[in-house]
file query-v7.pdb (PDB, C-alpha atoms and all ligand atoms)
ATOM      1  CA  MET A 765     -27.405 -11.883  -5.597
ATOM      2  CA  TYR A 766     -29.664 -12.617  -2.622
ATOM      3  CA  LYS A 767     -27.889 -12.023   0.654
ATOM      4  CA  ILE A 768     -28.372 -14.269   3.701
ATOM      5  CA  LEU A 769     -29.113 -11.950   6.658
ATOM      6  CA  LYS A 770     -29.534 -14.700   9.241
ATOM      7  CA  ALA A 771     -28.492 -18.364   9.326
ATOM      8  CA  LYS A 772     -29.465 -20.578  12.247
ATOM      9  CA  LYS A 773     -29.444 -24.294  12.990
ATOM     10  CA  LEU A 774     -32.888 -25.264  14.310
ATOM     11  CA  ALA A 775     -32.240 -28.968  14.943
ATOM     12  CA  GLU A 776     -30.058 -31.804  13.694
ATOM     13  CA  LYS A 777     -29.839 -31.325   9.889
ATOM     14  CA  ILE A 778     -32.536 -28.583   9.907
ATOM     15  CA  PHE A 779     -31.589 -24.955   9.141
ATOM     16  CA  LEU A 780     -33.354 -21.586   8.922
ATOM     17  CA  MET A 781     -32.239 -18.628   6.802
ATOM     18  CA  ASP A 782     -33.566 -15.090   6.358
ATOM     19  CA  VAL A 783     -32.785 -14.043   2.801
ATOM     20  CA  GLU A 784     -32.906 -10.517   1.372
ATOM     21  CA  ALA A 785     -35.347 -10.860  -1.540
ATOM     22  CA  PRO A 786     -37.596  -7.755  -1.565
ATOM     23  CA  ARG A 787     -39.527  -8.584  -4.743
ATOM     24  CA  VAL A 788     -40.468 -12.075  -3.496
ATOM     25  CA  ALA A 789     -41.232 -10.740   0.014
ATOM     26  CA  ARG A 790     -43.589  -8.098  -1.452
ATOM     27  CA  SER A 791     -45.794 -10.585  -3.281
ATOM     28  CA  CYS A 792     -45.502 -14.013  -1.645
ATOM     29  CA  GLN A 793     -48.462 -15.656   0.089
ATOM     30  CA  PRO A 794     -48.875 -18.689   2.361
ATOM     31  CA  GLY A 795     -48.741 -21.928   0.370
ATOM     32  CA  GLU A 796     -46.266 -20.715  -2.254
ATOM     33  CA  PHE A 797     -42.629 -21.758  -2.634
ATOM     34  CA  VAL A 798     -39.292 -20.573  -4.026
ATOM     35  CA  ILE A 799     -36.477 -22.249  -5.958
ATOM     36  CA  VAL A 800     -32.960 -21.324  -4.882
ATOM     37  CA  LYS A 801     -29.613 -21.860  -6.597
ATOM     38  CA  MET A 802     -26.340 -21.309  -4.783
ATOM     39  CA  ASP A 803     -24.151 -20.561  -7.811
ATOM     40  CA  GLU A 804     -23.776 -21.182 -11.552
ATOM     41  CA  LYS A 805     -23.196 -24.921 -11.107
ATOM     42  CA  GLY A 806     -25.617 -25.354  -8.191
ATOM     43  CA  GLU A 807     -28.711 -27.527  -8.295
ATOM     44  CA  ARG A 808     -32.133 -25.841  -8.274
ATOM     45  CA  ILE A 809     -33.628 -26.499  -4.813
ATOM     46  CA  PRO A 810     -37.383 -25.988  -4.241
ATOM     47  CA  LEU A 811     -38.233 -24.765  -0.726
ATOM     48  CA  THR A 812     -41.503 -23.823   0.914
ATOM     49  CA  ILE A 813     -41.678 -20.316   2.353
ATOM     50  CA  CYS A 814     -41.684 -20.311   6.165
ATOM     51  CA  ASP A 815     -42.170 -16.584   6.731
ATOM     52  CA  TYR A 816     -41.796 -13.195   5.056
ATOM     53  CA  ASP A 817     -41.400  -9.581   6.119
ATOM     54  CA  ARG A 818     -42.692  -7.222   3.429
ATOM     55  CA  GLU A 819     -41.191  -4.128   5.124
ATOM     56  CA  LYS A 820     -37.721  -5.569   5.623
ATOM     57  CA  GLY A 821     -37.869  -7.314   2.232
ATOM     58  CA  THR A 822     -36.869 -10.707   3.661
ATOM     59  CA  VAL A 823     -38.087 -14.249   3.089
ATOM     60  CA  THR A 824     -37.458 -17.017   5.636
ATOM     61  CA  ILE A 825     -36.674 -20.512   4.369
ATOM     62  CA  VAL A 826     -36.260 -23.708   6.382
ATOM     63  CA  PHE A 827     -34.556 -26.759   4.920
ATOM     64  CA  GLN A 828     -33.315 -30.191   5.906
ATOM     65  CA  ILE A 829     -30.078 -31.769   4.695
ATOM     66  CA  VAL A 830     -31.209 -34.528   2.332
ATOM     67  CA  GLY A 831     -28.337 -34.667  -0.185
ATOM     68  CA  ALA A 832     -25.136 -33.023  -1.406
ATOM     69  CA  SER A 833     -26.736 -29.681  -2.392
ATOM     70  CA  THR A 834     -28.616 -29.105   0.862
ATOM     71  CA  ARG A 835     -25.479 -30.175   2.774
ATOM     72  CA  ARG A 836     -23.514 -27.477   0.909
ATOM     73  CA  MET A 837     -26.316 -24.982   1.544
ATOM     74  CA  ALA A 838     -26.148 -25.689   5.279
ATOM     75  CA  GLY A 839     -22.543 -24.473   5.159
ATOM     76  CA  LEU A 840     -23.582 -20.961   4.052
ATOM     77  CA  ASN A 841     -23.370 -18.220   6.680
ATOM     78  CA  GLU A 842     -24.715 -14.722   7.306
ATOM     79  CA  GLY A 843     -23.282 -12.446   4.633
ATOM     80  CA  ASP A 844     -23.125 -15.209   1.968
ATOM     81  CA  ALA A 845     -25.585 -15.040  -0.903
ATOM     82  CA  PHE A 846     -27.649 -17.163  -3.293
ATOM     83  CA  GLN A 847     -27.187 -16.557  -6.990
ATOM     84  CA  ASP A 848     -30.897 -17.207  -7.714
ATOM     85  CA  PHE A 849     -33.951 -16.926  -5.488
ATOM     86  CA  VAL A 850     -36.910 -17.448  -7.814
ATOM     87  CA  GLY A 851     -40.478 -16.998  -6.667
ATOM     88  CA  PRO A 852     -43.084 -16.881  -5.485
ATOM     89  CA  LEU A 853     -44.004 -20.083  -7.368
ATOM     90  CA  GLY A 854     -47.113 -22.262  -7.225
ATOM     91  CA  GLN A 855     -50.619 -21.416  -6.081
ATOM     92  CA  ALA A 856     -51.330 -19.701  -2.769
ATOM     93  CA  SER A 857     -53.465 -21.527  -0.196
ATOM     94  CA  GLU A 858     -57.159 -21.486  -1.105
ATOM     95  CA  PHE A 859     -58.246 -19.485   1.983
ATOM     96  CA  VAL A 860     -55.984 -16.559   0.991
ATOM     97  CA  LYS A 861     -58.138 -16.048  -2.124
ATOM     98  CA  GLU A 862     -61.454 -16.331  -0.261
ATOM     99  CA  ASP A 863     -63.583 -13.752   1.550
ATOM    100  CA  PRO A 864     -62.070 -13.583   5.087
ATOM    101  CA  THR A 865     -65.552 -13.592   6.652
ATOM    102  CA  GLU A 866     -66.225 -16.976   5.035
ATOM    103  CA  VAL A 867     -62.877 -18.289   6.277
ATOM    104  CA  LYS A 868     -63.723 -16.983   9.753
ATOM    105  CA  GLY A 869     -66.907 -19.035   9.741
ATOM    106  CA  ARG A 870     -64.990 -22.322   9.528
ATOM    107  CA  ARG A 871     -63.067 -24.249  12.149
ATOM    108  CA  TYR A 872     -59.605 -25.193  10.908
ATOM    109  CA  LEU A 873     -57.256 -27.923  12.114
ATOM    110  CA  PHE A 874     -53.636 -27.638  10.957
ATOM    111  CA  VAL A 875     -51.415 -30.724  11.170
ATOM    112  CA  ALA A 876     -47.669 -30.235  10.829
ATOM    113  CA  GLY A 877     -45.153 -33.085  10.667
ATOM    114  CA  GLY A 878     -41.411 -32.595  11.163
ATOM    115  CA  VAL A 879     -39.925 -30.132   8.654
ATOM    116  CA  GLY A 880     -43.467 -29.667   7.305
ATOM    117  CA  THR A 881     -43.978 -27.372  10.321
ATOM    118  CA  ALA A 882     -42.174 -24.647   8.342
ATOM    119  CA  PRO A 883     -44.784 -24.280   5.534
ATOM    120  CA  VAL A 884     -47.648 -24.616   8.049
ATOM    121  CA  TYR A 885     -46.383 -21.631  10.073
ATOM    122  CA  PRO A 886     -47.183 -18.816   7.549
ATOM    123  CA  GLN A 887     -50.691 -20.233   7.140
ATOM    124  CA  VAL A 888     -51.338 -20.235  10.891
ATOM    125  CA  LYS A 889     -49.794 -16.736  11.157
ATOM    126  CA  TRP A 890     -52.067 -15.503   8.325
ATOM    127  CA  MET A 891     -55.064 -16.861  10.259
ATOM    128  CA  LYS A 892     -53.996 -15.030  13.432
ATOM    129  CA  GLU A 893     -53.469 -11.786  11.486
ATOM    130  CA  HIS A 894     -57.059 -12.132  10.248
ATOM    131  CA  GLY A 895     -58.419 -12.737  13.748
ATOM    132  CA  ILE A 896     -58.977 -16.475  13.268
ATOM    133  CA  ALA A 897     -57.924 -18.837  16.070
ATOM    134  CA  VAL A 898     -57.015 -22.265  14.713
ATOM    135  CA  ASP A 899     -56.042 -25.560  16.306
ATOM    136  CA  VAL A 900     -52.580 -26.834  15.401
ATOM    137  CA  ILE A 901     -51.001 -30.258  15.919
ATOM    138  CA  VAL A 902     -47.213 -30.429  15.546
ATOM    139  CA  GLY A 903     -45.562 -33.843  15.436
ATOM    140  CA  ALA A 904     -41.859 -34.645  15.600
ATOM    141  CA  LYS A 905     -39.840 -37.826  16.071
ATOM    142  CA  ASN A 906     -38.461 -36.483  19.384
ATOM    143  CA  LYS A 907     -37.966 -33.265  21.399
ATOM    144  CA  GLU A 908     -34.673 -32.435  19.646
ATOM    145  CA  LEU A 909     -36.334 -32.473  16.215
ATOM    146  CA  LEU A 910     -39.248 -30.233  17.172
ATOM    147  CA  ILE A 911     -38.969 -26.866  15.372
ATOM    148  CA  LEU A 912     -40.703 -23.461  15.557
ATOM    149  CA  GLU A 913     -42.597 -24.342  18.755
ATOM    150  CA  ASP A 914     -42.535 -20.799  20.220
ATOM    151  CA  GLU A 915     -43.581 -19.205  16.922
ATOM    152  CA  MET A 916     -46.414 -21.695  16.503
ATOM    153  CA  ARG A 917     -47.596 -21.244  20.112
ATOM    154  CA  GLU A 918     -47.765 -17.486  19.517
ATOM    155  CA  ALA A 919     -49.798 -17.843  16.292
ATOM    156  CA  ALA A 920     -52.096 -20.779  17.104
ATOM    157  CA  GLY A 921     -55.351 -20.738  19.078
ATOM    158  CA  ASN A 922     -54.543 -24.143  20.604
ATOM    159  CA  LEU A 923     -51.276 -26.006  20.061
ATOM    160  CA  TYR A 924     -50.924 -29.765  20.568
ATOM    161  CA  VAL A 925     -47.360 -31.082  20.466
ATOM    162  CA  THR A 926     -46.719 -34.784  20.034
ATOM    163  CA  THR A 927     -43.502 -36.782  19.753
ATOM    164  CA  ASP A 928     -43.207 -40.340  18.456
ATOM    165  CA  ASP A 929     -41.082 -41.373  21.459
ATOM    166  CA  GLY A 930     -42.925 -39.306  24.087
ATOM    167  CA  SER A 931     -39.813 -37.258  24.933
ATOM    168  CA  TYR A 932     -41.962 -34.065  24.871
ATOM    169  CA  GLY A 933     -45.682 -33.287  24.759
ATOM    170  CA  ARG A 934     -48.004 -36.192  24.073
ATOM    171  CA  LYS A 935     -46.609 -39.552  22.977
ATOM    172  CA  GLY A 936     -47.553 -40.833  19.545
ATOM    173  CA  MET A 937     -48.123 -39.708  15.985
ATOM    174  CA  VAL A 938     -50.213 -36.795  14.753
ATOM    175  CA  THR A 939     -52.997 -39.155  13.659
ATOM    176  CA  GLU A 940     -53.592 -40.196  17.287
ATOM    177  CA  VAL A 941     -54.134 -36.564  18.305
ATOM    178  CA  ILE A 942     -56.550 -35.997  15.398
ATOM    179  CA  ARG A 943     -58.587 -39.014  16.499
ATOM    180  CA  ASP A 944     -58.548 -37.843  20.117
ATOM    181  CA  LEU A 945     -59.706 -34.287  19.310
ATOM    182  CA  ILE A 946     -62.483 -35.399  16.993
ATOM    183  CA  GLN A 947     -63.678 -38.684  18.454
ATOM    184  CA  ASN A 948     -62.994 -38.319  22.193
ATOM    185  CA  GLN A 949     -63.288 -34.559  22.661
ATOM    186  CA  GLY A 950     -66.054 -34.204  20.054
ATOM    187  CA  ILE A 951     -64.557 -31.163  18.285
ATOM    188  CA  ARG A 952     -66.112 -30.573  14.861
ATOM    189  CA  TYR A 953     -63.701 -29.177  12.278
ATOM    190  CA  ASP A 954     -64.638 -27.985   8.797
ATOM    191  CA  ILE A 955     -61.183 -28.255   7.180
ATOM    192  CA  CYS A 956     -57.907 -29.955   7.988
ATOM    193  CA  VAL A 957     -54.623 -28.801   6.427
ATOM    194  CA  ALA A 958     -51.869 -31.424   6.722
ATOM    195  CA  ILE A 959     -48.249 -30.811   5.688
ATOM    196  CA  GLY A 960     -45.316 -33.117   6.351
ATOM    197  CA  PRO A 961     -43.705 -36.240   4.937
ATOM    198  CA  MET A 962     -45.829 -37.965   2.270
ATOM    199  CA  ILE A 963     -46.364 -41.009   4.470
ATOM    200  CA  MET A 964     -47.807 -38.776   7.196
ATOM    201  CA  MET A 965     -50.109 -36.988   4.754
ATOM    202  CA  LYS A 966     -51.276 -40.354   3.391
ATOM    203  CA  PHE A 967     -52.234 -41.649   6.852
ATOM    204  CA  VAL A 968     -53.814 -38.342   7.914
ATOM    205  CA  CYS A 969     -55.947 -38.479   4.764
ATOM    206  CA  LEU A 970     -56.986 -42.102   5.345
ATOM    207  CA  LEU A 971     -58.155 -41.087   8.834
ATOM    208  CA  THR A 972     -59.891 -37.839   7.863
ATOM    209  CA  LYS A 973     -61.665 -39.633   5.007
ATOM    210  CA  GLU A 974     -63.021 -42.073   7.571
ATOM    211  CA  LEU A 975     -64.029 -39.114   9.798
ATOM    212  CA  GLY A 976     -65.555 -37.168   6.886
ATOM    213  CA  LEU A 977     -63.209 -34.187   7.265
ATOM    214  CA  LYS A 978     -62.086 -32.341   4.124
ATOM    215  CA  THR A 979     -58.275 -32.269   4.023
ATOM    216  CA  ILE A 980     -55.798 -30.170   2.065
ATOM    217  CA  VAL A 981     -52.206 -31.397   1.685
ATOM    218  CA  SER A 982     -49.075 -29.741   0.306
ATOM    219  CA  MET A 983     -47.162 -32.047  -2.023
ATOM    220  CA  ASN A 984     -43.399 -31.854  -2.348
ATOM    221  CA  PRO A 985     -42.368 -34.269  -5.086
ATOM    222  CA  ILE A 986     -39.018 -33.890  -6.877
ATOM    223  CA  MET A 987     -39.009 -30.634  -8.847
ATOM    224  CA  VAL A 988     -36.594 -29.516 -11.547
ATOM    225  CA  ASP A 989     -37.752 -26.362 -13.366
ATOM    226  CA  GLY A 990     -40.707 -25.373 -11.162
ATOM    227  CA  THR A 991     -42.570 -23.976 -14.171
ATOM    228  CA  GLY A 992     -44.610 -26.953 -15.405
ATOM    229  CA  MET A 993     -42.243 -27.773 -18.271
ATOM    230  CA  CYS A 994     -40.136 -30.736 -17.138
ATOM    231  CA  GLY A 995     -42.753 -33.135 -15.767
ATOM    232  CA  ALA A 996     -40.657 -34.070 -12.717
ATOM    233  CA  CYS A 997     -43.367 -33.182 -10.202
ATOM    234  CA  ARG A 998     -46.187 -35.098 -11.939
ATOM    235  CA  LEU A 999     -48.953 -36.437  -9.659
ATOM    236  CA  SER A1000     -52.329 -38.129 -10.040
ATOM    237  CA  VAL A1001     -55.114 -36.202  -8.319
ATOM    238  CA  GLY A1002     -58.656 -37.511  -8.721
ATOM    239  CA  GLY A1003     -57.453 -39.585 -11.675
ATOM    240  CA  GLU A1004     -56.112 -36.504 -13.487
ATOM    241  CA  VAL A1005     -52.487 -35.602 -14.207
ATOM    242  CA  LYS A1006     -51.377 -32.551 -12.186
ATOM    243  CA  PHE A1007     -48.033 -30.840 -11.752
ATOM    244  CA  ALA A1008     -47.293 -29.833  -8.157
ATOM    245  CA  CYS A1009     -45.251 -26.786  -9.184
ATOM    246  CA  VAL A1010     -47.969 -25.024 -11.183
ATOM    247  CA  ASP A1011     -51.279 -26.711 -10.202
ATOM    248  CA  GLY A1012     -50.268 -27.031  -6.521
ATOM    249  CA  PRO A1013     -48.463 -27.588  -4.297
ATOM    250  CA  GLU A1014     -51.759 -27.835  -2.349
ATOM    251  CA  PHE A1015     -54.397 -30.386  -3.347
ATOM    252  CA  ASP A1016     -57.466 -32.129  -1.964
ATOM    253  CA  GLY A1017     -55.718 -34.870   0.014
ATOM    254  CA  HIS A1018     -58.587 -37.329  -0.443
ATOM    255  CA  LEU A1019     -57.980 -37.264  -4.199
ATOM    256  CA  VAL A1020     -54.166 -37.591  -4.207
ATOM    257  CA  ASN A1021     -52.682 -40.946  -5.199
ATOM    258  CA  PHE A1022     -49.984 -41.040  -2.469
ATOM    259  CA  ASP A1023     -48.753 -44.558  -3.254
ATOM    260  CA  GLU A1024     -48.017 -43.582  -6.849
ATOM    261  CA  ALA A1025     -46.384 -40.310  -5.725
ATOM    262  CA  MET A1026     -44.076 -42.086  -3.243
ATOM    263  CA  LYS A1027     -43.162 -44.807  -5.789
ATOM    264  CA  ARG A1028     -42.494 -42.189  -8.469
ATOM    265  CA  GLN A1029     -40.267 -40.234  -6.040
ATOM    266  CA  GLN A1030     -38.052 -43.326  -5.690
ATOM    267  CA  ILE A1031     -37.996 -44.215  -9.403
ATOM    268  CA  TYR A1032     -37.159 -40.643 -10.492
ATOM    269  CA  ARG A1033     -33.846 -40.749  -8.622
ATOM    270  CA  THR A1034     -32.043 -42.925 -11.210
ATOM    271  CA  GLU A1035     -31.394 -42.280 -14.908
ATOM    272  CA  GLU A1036     -32.913 -45.640 -15.787
ATOM    273  CA  GLY A1037     -35.977 -44.826 -13.706
ATOM    274  CA  ARG A1038     -36.434 -41.453 -15.423
ATOM    275  CA  ALA A1039     -36.223 -43.112 -18.866
ATOM    276  CA  MET A1040     -38.805 -45.681 -17.755
ATOM    277  CA  LEU A1041     -41.177 -42.977 -16.501
ATOM    278  CA  LYS A1042     -40.807 -41.099 -19.787
ATOM    279  CA  ALA A1043     -41.781 -44.231 -21.721
ATOM    280  CA  GLN A1044     -44.757 -44.880 -19.392
ATOM    281  CA  GLU A1045     -46.044 -41.321 -19.155
ATOM    282  CA  GLY A1046     -45.726 -40.299 -22.813
ATOM    283  CA  ASP A1047     -46.796 -36.755 -23.683
ATOM    284  CA  THR A1048     -47.861 -35.860 -20.142
ATOM    285  CA  HIS A1049     -44.303 -36.458 -18.945
ATOM    286  CA  HIS A1050     -43.209 -33.320 -20.906
ATOM    287  CA  GLY A1051     -39.520 -34.337 -20.866
ATOM    288  CA  GLY A1052     -38.341 -30.718 -20.934
ATOM    289  CA  CYS A1053     -35.944 -31.275 -18.048
ATOM    290  CA  GLY A1054     -33.362 -32.845 -20.343
ATOM    291  CA  GLN A1055     -32.731 -35.540 -17.740
ATOM    292  CA  CYS A1056     -34.946 -38.267 -19.073
ATOM    293  CA  GLY A1057     -32.760 -40.025 -21.619
TER     294      GLY A1057
HETATM  295  P1  LIG B1101     -40.800 -37.251  10.410
HETATM  296  O1  LIG B1101     -40.520 -38.510   9.701
HETATM  297  O2  LIG B1101     -40.024 -36.900  11.615
HETATM  298  O3  LIG B1101     -42.375 -37.212  10.721
HETATM  299  C1  LIG B1101     -42.964 -36.099  11.346
HETATM  300  C2  LIG B1101     -44.228 -36.533  12.016
HETATM  301  O4  LIG B1101     -45.157 -37.012  11.056
HETATM  302  C3  LIG B1101     -44.064 -37.683  12.998
HETATM  303  O5  LIG B1101     -43.602 -37.232  14.229
HETATM  304  C4  LIG B1101     -45.467 -38.235  13.057
HETATM  305  O6  LIG B1101     -46.274 -37.542  13.987
HETATM  306  C5  LIG B1101     -45.977 -37.979  11.652
HETATM  307  N1  LIG B1101     -45.916 -39.233  10.890
HETATM  308  C6  LIG B1101     -44.846 -39.761  10.252
HETATM  309  N2  LIG B1101     -45.175 -40.949   9.691
HETATM  310  C7  LIG B1101     -46.478 -41.164  10.004
HETATM  311  C8  LIG B1101     -47.406 -42.217   9.742
HETATM  312  N3  LIG B1101     -47.060 -43.298   9.042
HETATM  313  N4  LIG B1101     -48.650 -42.095  10.235
HETATM  314  C9  LIG B1101     -49.028 -41.012  10.946
HETATM  315  N5  LIG B1101     -48.212 -39.981  11.216
HETATM  316  C10 LIG B1101     -46.956 -40.066  10.764
HETATM  317  O7  LIG B1101     -40.714 -36.017   9.440
HETATM  318  P2  LIG B1101     -39.395 -35.381   8.822
HETATM  319  O8  LIG B1101     -38.226 -36.298   8.942
HETATM  320  O9  LIG B1101     -39.262 -33.988   9.269
HETATM  321  O10 LIG B1101     -39.898 -35.373   7.324
HETATM  322  C11 LIG B1101     -39.077 -35.101   6.323
HETATM  323  C12 LIG B1101     -39.878 -35.241   5.046
HETATM  324  O11 LIG B1101     -40.861 -34.210   5.002
HETATM  325  C13 LIG B1101     -39.009 -35.116   3.838
HETATM  326  O12 LIG B1101     -39.317 -36.192   2.968
HETATM  327  C14 LIG B1101     -39.434 -33.802   3.254
HETATM  328  O13 LIG B1101     -39.347 -33.817   1.858
HETATM  329  C15 LIG B1101     -40.867 -33.690   3.718
HETATM  330  N6  LIG B1101     -41.346 -32.298   3.745
HETATM  331  C16 LIG B1101     -42.557 -32.072   3.194
HETATM  332  C17 LIG B1101     -43.026 -30.776   3.059
HETATM  333  C18 LIG B1101     -44.300 -30.521   2.370
HETATM  334  O14 LIG B1101     -44.500 -29.420   1.903
HETATM  335  N7  LIG B1101     -45.178 -31.498   2.281
HETATM  336  C19 LIG B1101     -42.280 -29.716   3.571
HETATM  337  C20 LIG B1101     -41.062 -29.982   4.189
HETATM  338  C21 LIG B1101     -40.613 -31.295   4.261
HETATM  339 FE1  LIG B1102     -43.044 -29.228 -12.029
HETATM  340 FE2  LIG B1102     -40.995 -29.410 -13.660
HETATM  341  S1  LIG B1102     -40.970 -29.121 -11.515
HETATM  342  S2  LIG B1102     -43.084 -29.675 -14.134
END
call {"tool": "encode", "arguments": {"input": "query-v7.pdb", "output": "structure tokens"}}
result
Amino acid sequence: MYKILKAKKLAEKIFLMDVEAPRVARSCQPGEFVIVKMDEKGERIPLTICDYDREKGTVTIVFQIVGASTRRMAGLNEGDAFQDFVGPLGQASEFVKEDPTEVKGRRYLFVAGGVGTAPVYPQVKWMKEHGIAVDVIVGAKNKELLILEDEMREAAGNLYVTTDDGSYGRKGMVTEVIRDLIQNQGIRYDICVAIGPMIMMKFVCLLTKELGLKTIVSMNPIMVDGTGMCGACRLSVGGEVKFACVDGPEFDGHLVNFDEAMKRQQIYRTEEGRAMLKAQEGDTHHGGCGQCG
């Protein structure tokens, strides 16, 4: 069992938990994720890692209530435990595998949207630990939904906060800040990392393509097994079939087919939709999830 050492509500429907998982904490890296299961009958829930403490053996997860399982998870308290806490899964962020001096030579812009701020945080923290000051834009619908501001301010070189309704920071969406920094202030970035809702990542990528700025995104399609067997997290990247759980979750955002990914996300929710996808996708669908009719 994996004990919850801290449980905290960050905002409406958004929760943070520190979970005792020493093996995962020892080896996890920014960009990777875990799959948790509350009990025998519980659904498998994929969650990006928000932080980790190798000495204490804890992993921090942040999640939003989106359905029955996450609602039940939000009811867990300190002292409760998860039956399964599987990870780290997926590929670590590219810069983790590179020579730090090469990473230091680039100027990074991180763009975090809503709950996507949680997976951006360990990347920005990693940069600070390696002596690299990065610019970070955090966007939220309003002040109440802004999360991890203090942590991000501590880790970032420059932090730009924006809210859709202007209740805090600048007014507008993250894309407006990107345009301002690059076009009005003339800052030249080498890489942008954008993580948030798919619609945000799509529009960030449309803009950065226009501005000629390489952009990495972290995809979070529906996942079932998290091991590349079920086909649930299938995506098209540069015209090739990829599975977010094993090939990603991070990809070159200019190559991701976001429209297909968002449409597939909707279709996968119903039994009929899953059967249709299986018929359309053939062998590359895998079908190992046992949910596809
Ligand atoms: P949200 O809808 O509040 O959006 C956050 C910010 O993204 C906005 O404030 C805005 O600045 C920007 N944004 C949104 N739509 C945009 C558009 N069309 N153009 C430009 N910018 C736009 O975010 P939320 O409610 O926290 O998002 C929840 C979603 O995020 C869920 O679907 C969840 O699955 C997803 N999520 C993704 C990841 C990931 O790894 N990619 C991680 C956690 C959550
Ligand atoms: Fe990726 Fe099953 S969740 S293939």
call {"tool": "resolve_selection", "arguments": {"input": "query-v7.pdb", "expression": "the PyMOL selection byres (((chain A and resi 909-919) around 10) and not hetatm)", "output": "mmCIF file with C-alpha atoms, keeping the file's coordinate frame"}}
result
data_model
loop_
_atom_site.group_PDB
_atom_site.id
_atom_site.type_symbol
_atom_site.label_atom_id
_atom_site.label_comp_id
_atom_site.auth_asym_id
_atom_site.auth_seq_id
_atom_site.Cartn_x
_atom_site.Cartn_y
_atom_site.Cartn_z
ATOM 1 C CA LEU A 774 -32.888 -25.264 14.310
ATOM 2 C CA ALA A 775 -32.240 -28.968 14.943
ATOM 3 C CA GLU A 776 -30.058 -31.804 13.694
ATOM 4 C CA LYS A 777 -29.839 -31.325 9.889
ATOM 5 C CA ILE A 778 -32.536 -28.583 9.907
ATOM 6 C CA PHE A 779 -31.589 -24.955 9.141
ATOM 7 C CA CYS A 814 -41.684 -20.311 6.165
ATOM 8 C CA VAL A 826 -36.260 -23.708 6.382
ATOM 9 C CA GLY A 877 -45.153 -33.085 10.667
ATOM 10 C CA GLY A 878 -41.411 -32.595 11.163
ATOM 11 C CA VAL A 879 -39.925 -30.132 8.654
ATOM 12 C CA GLY A 880 -43.467 -29.667 7.305
ATOM 13 C CA THR A 881 -43.978 -27.372 10.321
ATOM 14 C CA ALA A 882 -42.174 -24.647 8.342
ATOM 15 C CA VAL A 884 -47.648 -24.616 8.049
ATOM 16 C CA TYR A 885 -46.383 -21.631 10.073
ATOM 17 C CA PRO A 886 -47.183 -18.816 7.549
ATOM 18 C CA GLN A 887 -50.691 -20.233 7.140
ATOM 19 C CA VAL A 888 -51.338 -20.235 10.891
ATOM 20 C CA LYS A 889 -49.794 -16.736 11.157
ATOM 21 C CA TRP A 890 -52.067 -15.503 8.325
ATOM 22 C CA MET A 891 -55.064 -16.861 10.259
ATOM 23 C CA LYS A 892 -53.996 -15.030 13.432
ATOM 24 C CA GLU A 893 -53.469 -11.786 11.486
ATOM 25 C CA ILE A 896 -58.977 -16.475 13.268
ATOM 26 C CA ALA A 897 -57.924 -18.837 16.070
ATOM 27 C CA VAL A 898 -57.015 -22.265 14.713
ATOM 28 C CA ASP A 899 -56.042 -25.560 16.306
ATOM 29 C CA VAL A 900 -52.580 -26.834 15.401
ATOM 30 C CA ILE A 901 -51.001 -30.258 15.919
ATOM 31 C CA VAL A 902 -47.213 -30.429 15.546
ATOM 32 C CA GLY A 903 -45.562 -33.843 15.436
ATOM 33 C CA ALA A 904 -41.859 -34.645 15.600
ATOM 34 C CA LYS A 905 -39.840 -37.826 16.071
ATOM 35 C CA ASN A 906 -38.461 -36.483 19.384
ATOM 36 C CA LYS A 907 -37.966 -33.265 21.399
ATOM 37 C CA GLU A 908 -34.673 -32.435 19.646
ATOM 38 C CA ALA A 920 -52.096 -20.779 17.104
ATOM 39 C CA GLY A 921 -55.351 -20.738 19.078
ATOM 40 C CA ASN A 922 -54.543 -24.143 20.604
ATOM 41 C CA LEU A 923 -51.276 -26.006 20.061
ATOM 42 C CA TYR A 924 -50.924 -29.765 20.568
ATOM 43 C CA VAL A 925 -47.360 -31.082 20.466
ATOM 44 C CA THR A 926 -46.719 -34.784 20.034
ATOM 45 C CA THR A 927 -43.502 -36.782 19.753
ATOM 46 C CA TYR A 932 -41.962 -34.065 24.871
#
call {"tool": "residues_near_point", "arguments": {"input": "query-v7.pdb", "point": "(-43.1, -28.2, -1.1)", "cutoff": "12 Å", "atoms": "only C-alpha atoms", "output": "ChimeraX atom specification"}}
result
/A:794-799,809-814,825-827,853-856,879-884,959-962,981-987,990,997,1008-1010,1012-1015
call {"tool": "resolve_selection", "arguments": {"input": "query-v7.pdb", "expression": "the PyMOL selection byres (((chain A and resi 819) around 9) and not hetatm)", "output": "list in words"}}
result
Pro786, Ala789, Arg790, Asp817, Arg818, Lys820, Gly821 and Thr822 of chain A
call {"tool": "resolve_selection", "arguments": {"input": "query-v7.pdb", "expression": "the PyMOL selection byres (((chain A and resi 947-955) around 7) and not hetatm)", "output": "list in words"}}
result
Arg870, Arg871, Tyr872, Leu873, Arg943, Asp944, Leu945, Ile946, Cys956, Val957, Leu977, Lys978 and Thr979 of chain A
call {"tool": "closest_residue", "arguments": {"input": "query-v7.pdb", "among": "A:His1018, A:Lys966, A:Arg1038, A:Lys973", "to": "ligand LIG 1101 (chain B)", "atoms": "all atoms listed in the file"}}
result
A:Lys966
call {"tool": "closest_residue", "arguments": {"input": "query-v7.pdb", "among": "A:Gly930, A:Gly1002, A:Gly1037, A:Gly936", "to": "ligand LIG 1101 (chain B)", "atoms": "all atoms listed in the file"}}
result
A:Gly936
call {"tool": "axis_aligned_box", "arguments": {"input": "query-v7.pdb", "around": "ligand LIG 1101 (chain B)", "padding_each_side": "6 Å", "output": "lines of an AutoDock Vina configuration file"}}
result
center_x = -43.6
center_y = -36.4
center_z = 8.0
size_x = 22.8
size_y = 25.9
size_z = 24.4
call {"tool": "residues_around", "arguments": {"input": "query-v7.pdb", "residues": "A:Lys801", "least_positions_apart": "6", "cutoff": "10 Å", "atoms": "all atoms listed in the file", "output": "VMD selection string"}}
result
chain A and resid 807 to 810 833 837 845 to 850
